[in-house]
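Pasted below: entry.cif, mmCIF, C-alpha atoms.
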data_coords
loop_
_atom_site.label_atom_id
_atom_site.label_comp_id
_atom_site.auth_asym_id
_atom_site.auth_seq_id
_atom_site.Cartn_x
_atom_site.Cartn_y
_atom_site.Cartn_z
CA MET A 715 -15.09 2.16 18.70
CA SER A 716 -17.01 5.36 19.47
CA LEU A 717 -17.14 7.50 16.33
CA LYS A 718 -16.14 11.15 16.70
CA LEU A 719 -15.96 13.66 13.87
CA PRO A 720 -13.88 13.89 11.83
CA ILE A 721 -13.85 10.16 11.15
CA LEU A 722 -10.58 9.07 9.55
CA VAL A 723 -10.71 6.20 7.07
CA VAL A 724 -7.56 4.64 5.60
CA VAL A 725 -8.30 2.32 2.72
CA ASP A 726 -6.12 -0.03 0.70
CA LEU A 727 -6.69 -0.02 -3.07
CA ASP A 728 -6.11 -3.31 -4.91
CA GLY A 729 -8.44 -5.98 -3.61
CA THR A 730 -10.11 -3.50 -1.24
CA LEU A 731 -11.40 -0.27 -2.79
CA LEU A 732 -10.84 -1.34 -6.40
CA ASN A 733 -12.89 -4.08 -8.02
CA GLU A 734 -11.45 -6.87 -10.16
CA ASN A 735 -11.30 -4.47 -13.10
CA GLY A 736 -9.08 -2.11 -11.09
CA ARG A 737 -11.81 0.54 -10.79
CA VAL A 738 -14.02 2.24 -8.23
CA SER A 739 -17.59 1.42 -9.26
CA SER A 740 -20.11 4.23 -9.74
CA ARG A 741 -22.11 2.86 -6.80
CA LEU A 742 -19.05 2.96 -4.56
CA GLN A 743 -18.22 6.47 -5.76
CA ASP A 744 -21.65 7.60 -4.55
CA MET A 745 -21.19 5.87 -1.19
CA LEU A 746 -17.78 7.47 -0.63
CA GLY A 747 -19.17 10.88 -1.55
CA ARG A 748 -22.01 10.55 0.97
CA ALA A 749 -19.55 9.44 3.67
CA ASN A 750 -17.29 12.39 2.90
CA ASN A 751 -20.25 14.77 3.18
CA ALA A 752 -21.06 13.22 6.56
CA GLY A 753 -17.60 14.10 7.90
CA VAL A 754 -15.38 11.19 6.85
CA LEU A 755 -11.82 12.07 5.79
CA PHE A 756 -10.23 9.52 3.48
CA ALA A 757 -6.64 8.46 2.93
CA ALA A 758 -5.59 5.85 0.37
CA ALA A 759 -2.79 3.47 1.37
CA SER A 760 -1.19 1.40 -1.35
CA ALA A 761 1.97 -0.35 -2.48
CA ARG A 762 1.48 1.55 -5.73
CA PRO A 763 3.58 4.68 -6.34
CA LEU A 764 1.91 8.07 -6.57
CA ARG A 765 1.52 8.04 -10.36
CA LEU A 766 -0.33 4.71 -10.29
CA VAL A 767 -2.47 5.66 -7.28
CA LYS A 768 -3.67 8.82 -9.04
CA GLN A 769 -4.33 6.79 -12.17
CA VAL A 770 -6.73 4.32 -10.52
CA LEU A 771 -8.47 6.74 -8.14
CA GLY A 772 -9.46 8.98 -11.02
CA PRO A 773 -12.86 10.57 -10.31
CA VAL A 774 -12.79 9.88 -6.55
CA LEU A 775 -9.36 11.46 -5.99
CA PRO A 776 -10.93 14.77 -4.79
CA LEU A 777 -12.56 12.85 -1.91
CA PHE A 778 -9.15 11.93 -0.49
CA SER A 779 -7.15 14.09 1.91
CA ALA A 780 -3.91 12.10 1.79
CA LEU A 781 -2.22 9.34 -0.19
CA PHE A 782 0.17 6.85 1.44
CA VAL A 783 2.15 5.45 -1.49
CA SER A 784 4.83 2.77 -1.83
CA ASN A 785 3.44 1.01 1.27
CA GLY A 786 3.54 4.20 3.31
CA ALA A 787 7.10 5.20 2.43
CA GLN A 788 5.72 8.52 1.22
CA ILE A 789 2.76 10.59 2.43
CA VAL A 790 1.35 13.00 -0.13
CA ASP A 791 -1.29 15.72 0.12
CA ALA A 792 -3.94 14.51 -2.31
CA ALA A 793 -5.04 17.99 -3.40
CA THR A 794 -1.61 19.49 -4.07
CA CYS A 795 0.56 16.35 -4.51
CA GLN A 796 3.00 17.95 -2.07
CA VAL A 797 5.13 15.38 -0.25
CA ILE A 798 4.46 15.56 3.49
CA HIS A 799 6.79 12.81 4.68
CA SER A 800 9.19 10.25 3.19
CA GLU A 801 11.10 7.22 4.46
CA LEU A 802 13.90 6.46 2.01
CA LEU A 803 16.49 3.74 1.47
CA ASP A 804 19.85 5.10 0.34
CA GLU A 805 21.96 3.59 -2.43
CA ARG A 806 24.35 1.89 0.00
CA GLN A 807 21.52 0.13 1.80
CA CYS A 808 19.98 -0.96 -1.50
CA ALA A 809 23.26 -2.36 -2.84
CA GLY A 810 23.79 -4.36 0.35
CA ILE A 811 20.26 -5.79 0.36
CA ILE A 812 20.43 -6.74 -3.31
CA ALA A 813 23.80 -8.45 -2.85
CA MET A 814 22.56 -10.49 0.13
CA LEU A 815 19.38 -11.59 -1.59
CA LYS A 816 21.09 -12.34 -4.90
CA SER A 817 23.45 -14.69 -3.08
CA ARG A 818 20.48 -16.72 -1.82
CA TYR A 819 18.12 -16.25 -4.77
CA PRO A 820 20.30 -15.99 -7.89
CA GLN A 821 17.30 -16.03 -10.25
CA ALA A 822 15.72 -12.99 -8.57
CA GLY A 823 15.24 -9.69 -10.30
CA PHE A 824 15.16 -6.38 -8.46
CA GLY A 825 13.32 -3.13 -9.07
CA TRP A 826 13.18 0.12 -7.14
CA GLU A 827 10.78 2.98 -6.81
CA TYR A 828 12.52 6.34 -7.09
CA ARG A 829 10.71 9.44 -5.90
CA GLU A 830 9.70 9.74 -9.54
CA GLY A 831 9.82 6.73 -11.84
CA PHE A 832 10.75 3.08 -11.54
CA GLY A 833 14.14 1.48 -12.25
CA CYS A 834 15.20 -2.15 -12.31
CA ASP A 835 17.90 -4.63 -13.25
CA GLN A 836 17.83 -6.73 -16.41
CA ALA A 837 16.52 -9.81 -14.59
CA PHE A 838 13.50 -7.88 -13.30
CA TRP A 839 12.85 -6.44 -16.75
CA ASP A 840 12.83 -9.94 -18.24
CA LEU A 841 10.50 -11.29 -15.53
CA HIS A 842 8.14 -8.33 -15.94
CA ALA A 843 7.88 -9.07 -19.65
CA HIS A 844 6.22 -12.39 -18.81
CA GLY A 845 3.38 -10.61 -16.95
CA GLY A 846 1.95 -10.82 -13.46
CA ILE A 847 4.01 -7.98 -11.93
CA LEU A 848 2.21 -4.78 -10.92
CA ARG A 849 5.02 -2.32 -11.69
CA ASP A 850 5.90 -0.13 -14.68
CA PRO A 851 9.67 -0.40 -15.33
CA ASP A 852 11.33 2.04 -17.71
CA SER A 853 13.72 0.59 -20.31
CA GLN A 854 15.84 3.74 -19.94
CA ARG A 855 16.37 3.02 -16.23
CA ILE A 856 17.89 -0.46 -16.29
CA SER A 857 20.97 -0.82 -14.08
CA SER A 858 22.41 -3.28 -11.58
CA ILE A 859 21.61 -1.15 -8.51
CA PRO A 860 19.83 2.18 -7.85
CA ASN A 861 21.78 5.39 -8.39
CA ALA A 862 19.69 7.53 -6.01
CA PRO A 863 17.66 7.03 -2.80
CA VAL A 864 14.49 4.98 -3.27
CA LEU A 865 11.11 4.59 -1.59
CA GLU A 866 11.20 0.80 -1.81
CA LEU A 867 12.94 -2.17 -3.36
CA VAL A 868 10.97 -5.01 -4.91
CA MET A 869 12.11 -8.55 -5.66
CA ALA A 870 10.58 -10.85 -8.27
CA THR A 871 11.40 -14.47 -9.01
CA PRO A 872 10.08 -17.01 -11.51
CA GLY A 873 6.79 -18.29 -10.07
CA TYR A 874 7.00 -15.87 -7.13
CA LYS A 875 4.96 -16.79 -4.05
CA ALA A 876 5.11 -14.57 -0.97
CA ASP A 877 5.09 -17.42 1.55
CA GLN A 878 8.29 -18.83 0.08
CA TYR A 879 10.33 -15.68 0.60
CA ILE A 880 9.12 -13.13 3.14
CA ASP A 881 10.26 -14.74 6.40
CA GLY A 882 13.61 -15.89 5.02
CA CYS A 883 14.37 -12.52 3.45
CA HIS A 884 13.45 -10.63 6.60
CA GLU A 885 15.73 -12.89 8.63
CA LEU A 886 18.55 -12.36 6.14
CA ILE A 887 18.47 -8.57 5.85
CA GLY A 888 17.49 -7.74 9.45
CA LYS A 889 14.90 -5.86 11.48
CA ASP A 890 15.83 -2.40 10.18
CA PHE A 891 13.64 -3.10 7.15
CA THR A 892 10.01 -3.90 6.39
CA VAL A 893 9.50 -6.95 4.16
CA THR A 894 5.99 -7.52 2.85
CA ASP A 895 3.78 -8.42 -0.10
CA SER A 896 0.74 -6.76 -1.66
CA SER A 897 -0.22 -9.41 -4.22
CA GLY A 898 1.53 -7.51 -7.00
CA GLY A 899 3.86 -10.33 -7.99
CA VAL A 900 6.80 -9.01 -5.97
CA MET A 901 8.17 -8.92 -2.44
CA GLU A 902 8.51 -5.35 -1.17
CA ILE A 903 11.37 -4.07 1.00
CA SER A 904 11.49 -0.66 2.63
CA ASN A 905 12.70 1.26 5.65
CA ALA A 906 11.33 -0.19 8.90
CA HIS A 907 9.13 2.87 9.42
CA ALA A 908 7.76 2.73 5.88
CA ASN A 909 4.45 1.01 6.49
CA LYS A 910 0.79 1.92 6.37
CA ALA A 911 0.38 1.97 10.16
CA TYR A 912 3.16 4.52 10.70
CA ALA A 913 1.91 6.68 7.82
CA SER A 914 -1.60 6.58 9.29
CA GLN A 915 -0.24 7.62 12.67
CA ILE A 916 1.53 10.65 11.15
CA TRP A 917 -1.60 11.65 9.21
CA ALA A 918 -3.89 11.26 12.22
CA LYS A 919 -1.50 13.27 14.40
CA SER A 920 -1.48 16.08 11.84
CA LEU A 921 -5.26 16.24 12.30
CA GLY A 922 -5.01 16.38 16.08
CA THR A 923 -5.91 12.78 16.82
CA GLY A 924 -4.38 9.29 16.75
CA LEU A 925 -4.80 5.79 15.39
CA ARG A 926 -7.67 5.16 17.82
CA ASN A 927 -9.78 7.39 15.55
CA VAL A 928 -8.85 5.52 12.35
CA ILE A 929 -11.00 2.95 10.56
CA ALA A 930 -8.75 0.90 8.28
CA PHE A 931 -9.73 -1.39 5.39
CA GLY A 932 -7.42 -3.95 3.78
CA ASP A 933 -7.03 -7.38 2.25
CA GLY A 934 -3.29 -8.11 2.12
CA LEU A 935 -0.22 -8.90 4.20
CA ASN A 936 0.97 -5.31 3.94
CA ASP A 937 -2.29 -4.20 5.60
CA VAL A 938 -1.92 -6.34 8.73
CA PRO A 939 0.08 -3.89 10.92
CA LEU A 940 -2.50 -1.18 10.21
CA LEU A 941 -5.50 -3.44 10.80
CA ARG A 942 -4.05 -4.38 14.18
CA SER A 943 -3.21 -0.84 15.30
CA ALA A 944 -6.21 1.13 14.01
CA GLY A 945 -9.18 1.92 16.22
CA MET A 946 -11.14 -0.41 13.93
CA GLY A 947 -9.44 -2.77 11.50
CA VAL A 948 -11.72 -4.11 8.76
CA ALA A 949 -10.68 -6.98 6.50
CA MET A 950 -12.39 -7.63 3.20
CA ALA A 951 -14.39 -10.83 2.69
CA ASN A 952 -12.04 -11.68 -0.19
CA ALA A 953 -8.96 -11.59 2.10
CA ASP A 954 -7.40 -14.83 3.30
CA GLU A 955 -7.84 -16.04 6.86
CA ARG A 956 -4.53 -14.58 8.13
CA ILE A 957 -5.67 -11.09 7.27
CA LYS A 958 -9.17 -11.63 8.68
CA ALA A 959 -7.63 -12.87 11.95
CA ALA A 960 -5.88 -9.50 12.36
CA ALA A 961 -9.10 -7.50 11.95
CA ASP A 962 -11.92 -6.41 14.23
CA ALA A 963 -14.60 -6.78 11.58
CA ILE A 964 -15.19 -8.15 8.07
CA ALA A 965 -16.63 -6.11 5.18
CA PRO A 966 -18.24 -7.54 2.05
CA SER A 967 -15.83 -8.23 -0.80
CA ASN A 968 -14.32 -5.62 -3.10
CA GLN A 969 -16.61 -6.93 -5.85
CA GLN A 970 -19.58 -6.05 -3.63
CA ASP A 971 -18.35 -2.49 -2.93
CA GLY A 972 -17.57 -3.68 0.59
CA VAL A 973 -15.85 -0.50 1.81
CA GLY A 974 -18.88 1.60 0.93
CA VAL A 975 -21.41 -0.91 2.25
CA PHE A 976 -19.59 -1.24 5.59
CA LEU A 977 -19.18 2.52 6.03
CA THR A 978 -22.78 3.24 5.06
CA ASN A 979 -24.08 0.77 7.61
CA LEU A 980 -21.70 2.04 10.30
CA LEU A 981 -22.58 5.69 9.76
CA ARG A 982 -26.28 4.89 9.66
CA ASP A 983 -26.01 3.00 12.95
CA GLU A 984 -24.27 6.04 14.45
CA GLY A 985 -27.03 8.36 13.23
CA LEU A 986 -24.72 10.22 10.83
CA PHE A 987 -26.83 9.41 7.77
#

Could the structure of this file be written out as structure tokens, please?
Amino acid sequence: MSLKLPILVVVDLDGTLLNENGRVSSRLQDMLGRANNAGVLFAAASARPLRLVKQVLGPVLPLFSALFVSNGAQIVDAATCQVIHSELLDERQCAGIIAMLKSRYPQAGFGWEYREGFGCDQAFWDLHAHGGILRDPDSQRISSIPNAPVLELVMATPGYKADQYIDGCHELIGKDFTVTDSSGGVMEISNAHANKAYASQIWAKSLGTGLRNVIAFGDGLNDVPLLRSAGMGVAMANADERIKAAADAIAPSNQQDGVGVFLTNLLRDEGLF
């Protein structure tokens, strides 16, 4: 990949930019700031909704140009929080998906990310109470199905493991939907175009370029389409072998500030530092 300014970097959060404490270390903050000063434009891409992305980015949020939230179902201007693009599931689609999956997985609980706030059914609420689910359900928004369009559906089960569900669920509900996992204790379902690769393409196009000019970092299944389509896909050392196999390069782990280390070395090699 031949680097041309501006350099576009799309970075996953949990397991990639964030350390095991869910934070961006002070060392990594400095590295990102230097890269930004050298001409790197950053976008964060996460399964988290906007409110939770802003919460964890904290002091480095001003370094980011765009936020791809809910696995890319929504693109937000980081400075203004204005929504640039959304890919929604309507209530009818949600009701149909929930009914199909409930028939196969009767113990499953379902939640849904509205444009603002998170709703869920009683089964999801009960499962969330036992821990291990990276979502923030609201007790005032418990219902059997969504009552408005949503950015994504999520499914939880007792002892949830992604490998047990993703392929079967995708086969059941069809190719019009994206089915993935981001290690948040749930399977995530969204519109087929709601993924990090498509969001990155829209962002890059808005800047007059394309995915060939994107360096992408990730560690999870929901990062694979982006790692494969970016000009340079970089998997974290802490990712499993399936994710590494989809990447062009491997960065040090999130605990070692791998995103910053990799970018620093790359920019230095290109003479930009």

Using only C-alpha atoms, which residues sit within 9 Å of A:Tyr879 once same-chain residues fewer than 5 positions away are excluded, as a CSV table (one decimal) with C-alpha atoms, in the coordinates of the input?
chain,number,residue,atom,x,y,z
A,874,TYR,CA,7.0,-15.9,-7.1
A,884,HIS,CA,13.4,-10.6,6.6
A,901,MET,CA,8.2,-8.9,-2.4

Give me the residues within 9 Å of A:Asn733 as number ranges by chain, counting only C-alpha atoms and dropping any in the same chain fewer than 4 places off.
A: 727-729, 737-739, 967-971

Within 9 Å of (15.7, 12.0, 1.8) in the file's own coordinates, which protein, DNA or RNA residues have an atom, counting all atoms listed in the file? List them as a PDB file with C-alpha atoms, in the frame of the given file.
ATOM      1  CA  SER A 800       9.190  10.250   3.190  1.00  0.00           C
ATOM      2  CA  GLU A 801      11.100   7.220   4.460  1.00  0.00           C
ATOM      3  CA  LEU A 802      13.900   6.460   2.010  1.00  0.00           C
ATOM      4  CA  LEU A 803      16.490   3.740   1.470  1.00  0.00           C
ATOM      5  CA  ASP A 804      19.850   5.100   0.340  1.00  0.00           C
ATOM      6  CA  PRO A 863      17.660   7.030  -2.800  1.00  0.00           C
ATOM      7  CA  VAL A 864      14.490   4.980  -3.270  1.00  0.00           C
TER       8      VAL A 864
END

If you take all atoms listed in the file and a cut-off of 12 Å, which residues of stretch 811-841 of chain A touch stretch 751-769 of chain A, and what are their nearest atom pairs and distances in Å to one decimal, in chain and number order, as a tab-separated table?
residue	atom	partner	partner_atom	distance
A:Trp826	CA	A:Pro763	CA	10.7
A:Glu827	CA	A:Pro763	CA	7.4
A:Tyr828	CA	A:Pro763	CA	9.1
A:Arg829	CA	A:Pro763	CA	8.6
A:Glu830	CA	A:Arg765	CA	8.4
A:Gly831	CA	A:Arg765	CA	8.5
A:Phe832	CA	A:Pro763	CA	9.0

Selected by the PyMOL selection byres ((chain A and resi 835-838) around 9) in the shown coordinates: which residues, as a PyMOL selection string?
chain A and resi 821-825+833-834+839-843+851+855-860+869-871

Distance query A:Leu722 at most 12 Å, only C-alpha atoms, self and fewer than 6 positions along chain excluded, as a ChimeraX atom specification
/A:749-750,752-758,778-780,914-915,917-931,944-946,977

Within 8 Å of (3.2, -7.6, -8.5) (file coordinates; all atoms listed in the file), which protein or nucleic acid residues are there? I'd like them as a PyMOL selection string.
chain A and resi 846-849+896-901

Using Å and a single decimal, report how far atom CA of A:Ala960 sits from atom CA of A:Val938.
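These atoms are spaced 6.2 Å apart.
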
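Minimum distance to A:Leu935 across A:Met745, A:Ile812, A:Val893, A:Ala908 (counting all atoms listed in the file) occurs at A:Val893.
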
What's the separation between atom CA of A:Thr794 and atom CA of A:Pro773, in Å to one decimal place?
15.7 Å

Since I can't run it myself right now, could you work out what the PyMOL selection byres ((chain A and resi 948) around 10) selects here and report it as a list in words?
Val725, Ile929, Ala930, Phe931, Gly932, Asp933, Asp937, Leu940, Leu941, Arg942, Ala944, Gly945, Met946, Gly947, Ala949, Met950, Ala951, Ile957, Lys958, Ala960, Ala961, Asp962, Ala963, Ile964, Ala965, Pro966, Val973 and Phe976 of chain A

Please produce a file of those selected residues containing C-alpha atoms, as a PDB file, in the coordinates of the input.
ATOM      1  CA  VAL A 725      -8.300   2.320   2.720  1.00  0.00           C
ATOM      2  CA  ILE A 929     -11.000   2.950  10.560  1.00  0.00           C
ATOM      3  CA  ALA A 930      -8.750   0.900   8.280  1.00  0.00           C
ATOM      4  CA  PHE A 931      -9.730  -1.390   5.390  1.00  0.00           C
ATOM      5  CA  GLY A 932      -7.420  -3.950   3.780  1.00  0.00           C
ATOM      6  CA  ASP A 933      -7.030  -7.380   2.250  1.00  0.00           C
ATOM      7  CA  ASP A 937      -2.290  -4.200   5.600  1.00  0.00           C
ATOM      8  CA  LEU A 940      -2.500  -1.180  10.210  1.00  0.00           C
ATOM      9  CA  LEU A 941      -5.500  -3.440  10.800  1.00  0.00           C
ATOM     10  CA  ARG A 942      -4.050  -4.380  14.180  1.00  0.00           C
ATOM     11  CA  ALA A 944      -6.210   1.130  14.010  1.00  0.00           C
ATOM     12  CA  GLY A 945      -9.180   1.920  16.220  1.00  0.00           C
ATOM     13  CA  MET A 946     -11.140  -0.410  13.930  1.00  0.00           C
ATOM     14  CA  GLY A 947      -9.440  -2.770  11.500  1.00  0.00           C
ATOM     15  CA  ALA A 949     -10.680  -6.980   6.500  1.00  0.00           C
ATOM     16  CA  MET A 950     -12.390  -7.630   3.200  1.00  0.00           C
ATOM     17  CA  ALA A 951     -14.390 -10.830   2.690  1.00  0.00           C
ATOM     18  CA  ILE A 957      -5.670 -11.090   7.270  1.00  0.00           C
ATOM     19  CA  LYS A 958      -9.170 -11.630   8.680  1.00  0.00           C
ATOM     20  CA  ALA A 960      -5.880  -9.500  12.360  1.00  0.00           C
ATOM     21  CA  ALA A 961      -9.100  -7.500  11.950  1.00  0.00           C
ATOM     22  CA  ASP A 962     -11.920  -6.410  14.230  1.00  0.00           C
ATOM     23  CA  ALA A 963     -14.600  -6.780  11.580  1.00  0.00           C
ATOM     24  CA  ILE A 964     -15.190  -8.150   8.070  1.00  0.00           C
ATOM     25  CA  ALA A 965     -16.630  -6.110   5.180  1.00  0.00           C
ATOM     26  CA  PRO A 966     -18.240  -7.540   2.050  1.00  0.00           C
ATOM     27  CA  VAL A 973     -15.850  -0.500   1.810  1.00  0.00           C
ATOM     28  CA  PHE A 976     -19.590  -1.240   5.590  1.00  0.00           C
TER      29      PHE A 976
END

Can you put all heavy atoms back into stretch 910-920 of chain A and show it as an mmCIF file, keeping the file's coordinate frame?
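The new file selection_2.cif reads:
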data_model
loop_
_atom_site.group_PDB
_atom_site.id
_atom_site.type_symbol
_atom_site.label_atom_id
_atom_site.label_comp_id
_atom_site.auth_asym_id
_atom_site.auth_seq_id
_atom_site.Cartn_x
_atom_site.Cartn_y
_atom_site.Cartn_z
ATOM 1 N N LYS A 910 2.057 1.203 6.365
ATOM 2 C CA LYS A 910 0.790 1.920 6.370
ATOM 3 C C LYS A 910 0.380 2.367 7.771
ATOM 4 O O LYS A 910 -0.274 3.406 7.921
ATOM 5 C CB LYS A 910 -0.291 1.045 5.746
ATOM 6 C CG LYS A 910 -0.057 0.722 4.272
ATOM 7 C CD LYS A 910 -1.167 -0.146 3.704
ATOM 8 C CE LYS A 910 -0.922 -0.479 2.244
ATOM 9 N NZ LYS A 910 -2.033 -1.263 1.655
ATOM 10 N N ALA A 911 0.744 1.595 8.783
ATOM 11 C CA ALA A 911 0.380 1.970 10.160
ATOM 12 C C ALA A 911 1.097 3.241 10.578
ATOM 13 O O ALA A 911 0.483 4.155 11.160
ATOM 14 C CB ALA A 911 0.714 0.822 11.108
ATOM 15 N N TYR A 912 2.393 3.330 10.304
ATOM 16 C CA TYR A 912 3.160 4.520 10.700
ATOM 17 C C TYR A 912 2.685 5.745 9.921
ATOM 18 O O TYR A 912 2.538 6.838 10.483
ATOM 19 C CB TYR A 912 4.645 4.269 10.464
ATOM 20 C CG TYR A 912 5.558 5.344 11.021
ATOM 21 C CD1 TYR A 912 5.607 5.609 12.382
ATOM 22 C CD2 TYR A 912 6.364 6.098 10.178
ATOM 23 C CE1 TYR A 912 6.434 6.597 12.897
ATOM 24 C CE2 TYR A 912 7.204 7.085 10.672
ATOM 25 C CZ TYR A 912 7.235 7.331 12.040
ATOM 26 O OH TYR A 912 8.055 8.318 12.534
ATOM 27 N N ALA A 913 2.414 5.564 8.625
ATOM 28 C CA ALA A 913 1.910 6.680 7.820
ATOM 29 C C ALA A 913 0.559 7.163 8.354
ATOM 30 O O ALA A 913 0.300 8.366 8.430
ATOM 31 C CB ALA A 913 1.787 6.264 6.360
ATOM 32 N N SER A 914 -0.289 6.216 8.743
ATOM 33 C CA SER A 914 -1.600 6.580 9.290
ATOM 34 C C SER A 914 -1.456 7.345 10.599
ATOM 35 O O SER A 914 -2.212 8.295 10.874
ATOM 36 C CB SER A 914 -2.444 5.326 9.519
ATOM 37 O OG SER A 914 -2.690 4.659 8.303
ATOM 38 N N GLN A 915 -0.488 6.940 11.401
ATOM 39 C CA GLN A 915 -0.240 7.620 12.670
ATOM 40 C C GLN A 915 0.175 9.077 12.427
ATOM 41 O O GLN A 915 -0.303 9.996 13.110
ATOM 42 C CB GLN A 915 0.839 6.882 13.448
ATOM 43 C CG GLN A 915 1.147 7.471 14.808
ATOM 44 C CD GLN A 915 2.208 6.661 15.546
ATOM 45 O OE1 GLN A 915 2.881 5.817 14.971
ATOM 46 N NE2 GLN A 915 2.357 6.922 16.829
ATOM 47 N N ILE A 916 1.077 9.284 11.468
ATOM 48 C CA ILE A 916 1.530 10.650 11.150
ATOM 49 C C ILE A 916 0.361 11.494 10.646
ATOM 50 O O ILE A 916 0.174 12.651 11.050
ATOM 51 C CB ILE A 916 2.663 10.602 10.108
ATOM 52 C CG1 ILE A 916 3.916 9.978 10.716
ATOM 53 C CG2 ILE A 916 2.958 11.999 9.566
ATOM 54 C CD1 ILE A 916 5.026 9.741 9.720
ATOM 55 N N TRP A 917 -0.442 10.926 9.759
ATOM 56 C CA TRP A 917 -1.600 11.650 9.210
ATOM 57 C C TRP A 917 -2.589 12.006 10.312
ATOM 58 O O TRP A 917 -3.037 13.151 10.412
ATOM 59 C CB TRP A 917 -2.261 10.799 8.133
ATOM 60 C CG TRP A 917 -3.469 11.429 7.503
ATOM 61 C CD1 TRP A 917 -3.533 12.655 6.914
ATOM 62 C CD2 TRP A 917 -4.775 10.855 7.393
ATOM 63 N NE1 TRP A 917 -4.813 12.879 6.429
ATOM 64 C CE2 TRP A 917 -5.589 11.790 6.704
ATOM 65 C CE3 TRP A 917 -5.329 9.635 7.777
ATOM 66 C CZ2 TRP A 917 -6.933 11.546 6.420
ATOM 67 C CZ3 TRP A 917 -6.657 9.386 7.492
ATOM 68 C CH2 TRP A 917 -7.449 10.325 6.831
ATOM 69 N N ALA A 918 -2.931 11.017 11.144
ATOM 70 C CA ALA A 918 -3.890 11.260 12.220
ATOM 71 C C ALA A 918 -3.373 12.340 13.181
ATOM 72 O O ALA A 918 -4.132 13.231 13.607
ATOM 73 C CB ALA A 918 -4.171 9.964 12.978
ATOM 74 N N LYS A 919 -2.082 12.274 13.498
ATOM 75 C CA LYS A 919 -1.500 13.270 14.400
ATOM 76 C C LYS A 919 -1.586 14.670 13.800
ATOM 77 O O LYS A 919 -1.837 15.656 14.510
ATOM 78 C CB LYS A 919 -0.047 12.908 14.711
ATOM 79 C CG LYS A 919 0.606 13.810 15.747
ATOM 80 C CD LYS A 919 2.011 13.330 16.082
ATOM 81 C CE LYS A 919 2.658 14.240 17.136
ATOM 82 N NZ LYS A 919 4.033 13.778 17.471
ATOM 83 N N SER A 920 -1.397 14.776 12.495
ATOM 84 C CA SER A 920 -1.480 16.080 11.840
ATOM 85 C C SER A 920 -2.882 16.680 11.920
ATOM 86 O O SER A 920 -3.064 17.888 11.770
ATOM 87 C CB SER A 920 -1.054 15.971 10.367
ATOM 88 O OG SER A 920 -2.060 15.349 9.587
#
